[in-house]
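Colleague: Sharing a structure below in structure tokens format, with a few things to ask.
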Amino acid sequence: MAYESEIAKRKTFAIIAHPDAGKTTLTEKFLLFGGQIQTAGAVKSNKITKATTSDFMEIEKQRGISVATSVMTFPYKEKWINILDTPGHKDFAEDTYRTLTAVDSVILVIDCVKGVEEQTEKLMEVCRMRNHPVIVFVNKMDRDGKDPFDLLEELEIKLNIAVHPMTWPINGGRDFKGVYLMSNHSLNLFESSKTKVTDDVVKIKGLEDPKIDSLLNKKDAAKLREDIELIDGVYGKLSDEDYLNAKTAPIFFGSALNSFGIQELLDTFIEIAPNPLARATTKRNVEPNEPKFSGFVFKIHANLDPKHRDRIAFLRVCSGKFERNKNFTHVRLNKQMKFANPYLFLAQSKEVMNDAYPGDVVGLYDTGNFKIGDTLSEGEHFMFKGIPSFSPEIFKELINIDPMKSKQLEKGIQQLTDEGLASLFVQELGNRKFVGTVGELQFEVLQYRLEHEYGAKCRFESRSIYKACWIEGLEQNLKDFMKYRQNNIAYDKDERPVFLAETGFILRMAEEKYPDISFYTSNEFSV
Ligand code: G4P
């Protein structure tokens with residue numbers, strides 16, 4: 001049992017939300033409560049200072065989105081918390097899905113005015129696929145939002161998960177008085193403050209306590225008693241097991257902007273959220289307390305300085321201890337590698353670190369060795385599974401418009417797609433390159449970076465492709481199909497054949513005509 005105490009300390013999670021629900025504000029308040037930053041606004045202003053350091057990041061700033069998935073680590077009450085931030089913009093959804101492979105649980109932020117939104121549903125689908133335990137934070141209670149009972153129902157129906165209120169709001173909007181804490185019968189009265197770091201909770205002795213009447217007006221006190229009786233009757237006590245098995249989502253109400261309801265959320269989170277969990281590989285399940293190190297790369301980030309082409313690979317430690325300057329095996333390349341300057345991402349800076357434990361995220365300088373999904377181990381040959389690659393939704397052909405810079409373009413597109421910014425499919429015939437993304441934005445980012453980082457000029461021409469389907473079957477069947485559909489066959493970055501179906505109808509016809517071949521619209525990077 002190696003490193004048990006280190007593992008028991010760690011909580012690695014992501015905050016997910018539809019854009020504008022309050023993810024950035026909540027993250028910032030976590031850091032504030034964790035004593036990592038002193039001023040509200042620091043997380044956002046950090047985004048802007050970064051943006052001014054490079055032209056590429058300027059695109060982000062102008063569009064008001066965070067393309068980068070960053071990592072923030074901080075200690076809180078004896079625990080070591082790793083928050084993996086996810087881009088809210090839907091064009092970068094795949095980036096978010098990959099980040100979710102590196103966490104053990106999630107906090108989902110909902111705007112009480114808007115309820116469950118489009119991205120909320122999509123993100124929850126991915127969480128369900130991965131069986132991630134979910135805690136929900138209903139934000140912006142200082143605004144006139146939906147009725148909380150209606151919200152509970154909406155969450156249950158749209159997110160397909162049982163809910164369990166841990167706190168309960170007393171009114172909302174201008175009339176918001178605070179929340180009742182179900183677990184320890186106390187009242188947290190609302191007070192608007194952007195900087196406070198503790199909640200002043202009033203202990204009460206159950207619903208009959210006359211303190212309630214002295215703190216609330218008659219109508220609010222009566223409504224609170226009625227609501228709580230109803231909730232107690234329906235929900236009872238939270239089953240930790242149901243939460244950990246992703247069957248029930250505990251719900252908190254608050255206002256991130258007003259630092260309200262954060263402490264009870266954080267305190268419950270560190271108590272019930274899972275510590276680093278076991279992960280599946282191509283060979284076996286790897287337990288975090290195994291003595292030998294292993295981990296995988298879930299994100300590659302371009303260096304913010306366009307003069308240096310090196311990148312940072314984000315590695316999630318899955319077992320054992322990662323050590324600086326120690327030799328590890330890069331499984332795909334079957335190569336020994338050691339890292340002189342691995343990074344630990346603290347709340348607002350990154351620092352060279354000496355060791356890291358399961359649940360931690362390490363930043364590795366990369367000169368082109370890593371692809372998303374790569375595994376590092378202490379000798380054993382396996383690859384971590386479950387890093388999804390979905391069929392893109394928009395396809396364009398890459399056209400070189402400066403023949404003198406073909407090499408640069410080739411290198412650039414290979415490296416940028418290694419980062420996971422887009423998928424690349426190359427046809428044997430004529431070496432035609434099709435780039436697939438989930439949103440238009442990536443094409444602009446690609447074009448910009450190819451020109452500014454690699455000096456290569458290109459154009460993207462739309463192609464009517466409905467889906468990229470990975471194909472599988474017996475060798476002869478595959479050969480026949482690929483010969484027959486030669487013009488629609490390309491290879492992904494792992495040299496796996498892909499059928500580029502022009503329409504849903506054509507795909508269905510192919511499935512009917514070739515029953516011995518399986519067509520997949522999503523695949524895993526690891527084999
Ligand atoms: P995101 O990362 O999920 O996209 O959301 P973000 O935290 O940036 O919040 C989106 C907007 O909602 C911000 O306003 C933020 O101040 C506001 N907000 C967050 N929490 C609360 C809350 O509890 N109550 C209220 N009333 N508003 C909240 P903005 O005007 O877009 O940005 P800013 O100018 O305030 O920075």
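Ligands are numbered from 1 in the order shown, residues from 1 within each chain, and chains are lettered A, B, ... in the order they appear in the structure tokens.
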Among segment 246-493 of chain A, which ones does DSSP assign to strand (DSSP E) (computed from the backbone)? Answer as JSON, numbers by chain.

Modeller: {"A": [248, 249, 250, 251, 252, 253, 279, 280, 285, 286, 294, 295, 296, 297, 298, 299, 300, 301, 302, 311, 312, 313, 314, 315, 316, 317, 318, 319, 322, 323, 328, 329, 330, 335, 336, 337, 343, 344, 345, 350, 351, 352, 355, 356, 361, 362, 363, 364, 365, 366, 375, 376, 377, 388, 389, 390, 394, 395, 396, 397, 398, 399, 400, 423, 424, 425, 426, 433, 434, 435, 436, 437, 458, 459, 460, 461, 462, 467, 468, 469, 470, 471, 472, 489, 490, 491]}

Colleague: Around ligand 1, out to 6 Å and counting only C-alpha atoms and all ligand atoms, which residues are there? I want them as number ranges by chain.

Modeller: A: 17, 19-25, 139-140, 142-143, 255-258

Colleague: Need to verify the contact set: segment 278-282 of chain A, 12 Å, only C-alpha atoms, exclusion of same-chain residues closer than 6 positions in sequence. Can you return it as JSON, numbers by chain?

Modeller: {"A": [7, 101, 102, 103, 104, 130, 288, 289, 290, 294, 295, 296, 316, 317, 318, 319, 320, 331, 358, 359, 373, 374, 375, 376, 377, 380, 381, 382, 383, 384, 385, 386, 387, 524, 525, 526, 527]}

Colleague: Work out how far apart atom CA of Ser70 of chain A and atom CA of Asp85 of chain A are and give it in Å to one decimal.

Modeller: 5.1 Å

Colleague: Pick out the closest residue to Lys11 of chain A from this set: A:Leu346, A:Val106, A:Ile212, A:Ala340. Count only C-alpha atoms.

Modeller: A:Val106

Colleague: Quick check, in Å to one decimal: how far apart do atom CA of Val426 of chain A and atom CA of Gly455 of chain A lie?

Modeller: 21.5 Å

Colleague: So how far away is atom CA of Val201 of chain A from atom CA of Pro250 of chain A, in Å?

Modeller: 19.8 Å

Colleague: Which residue out of A:Asn431, A:Thr417, A:Gln476, A:Gln447 has the minimum interatomic distance to Lys493 of chain A when only C-alpha atoms are used?

Modeller: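 Using only C-alpha atoms, Lys493 of chain A sits closest to A:Thr417.
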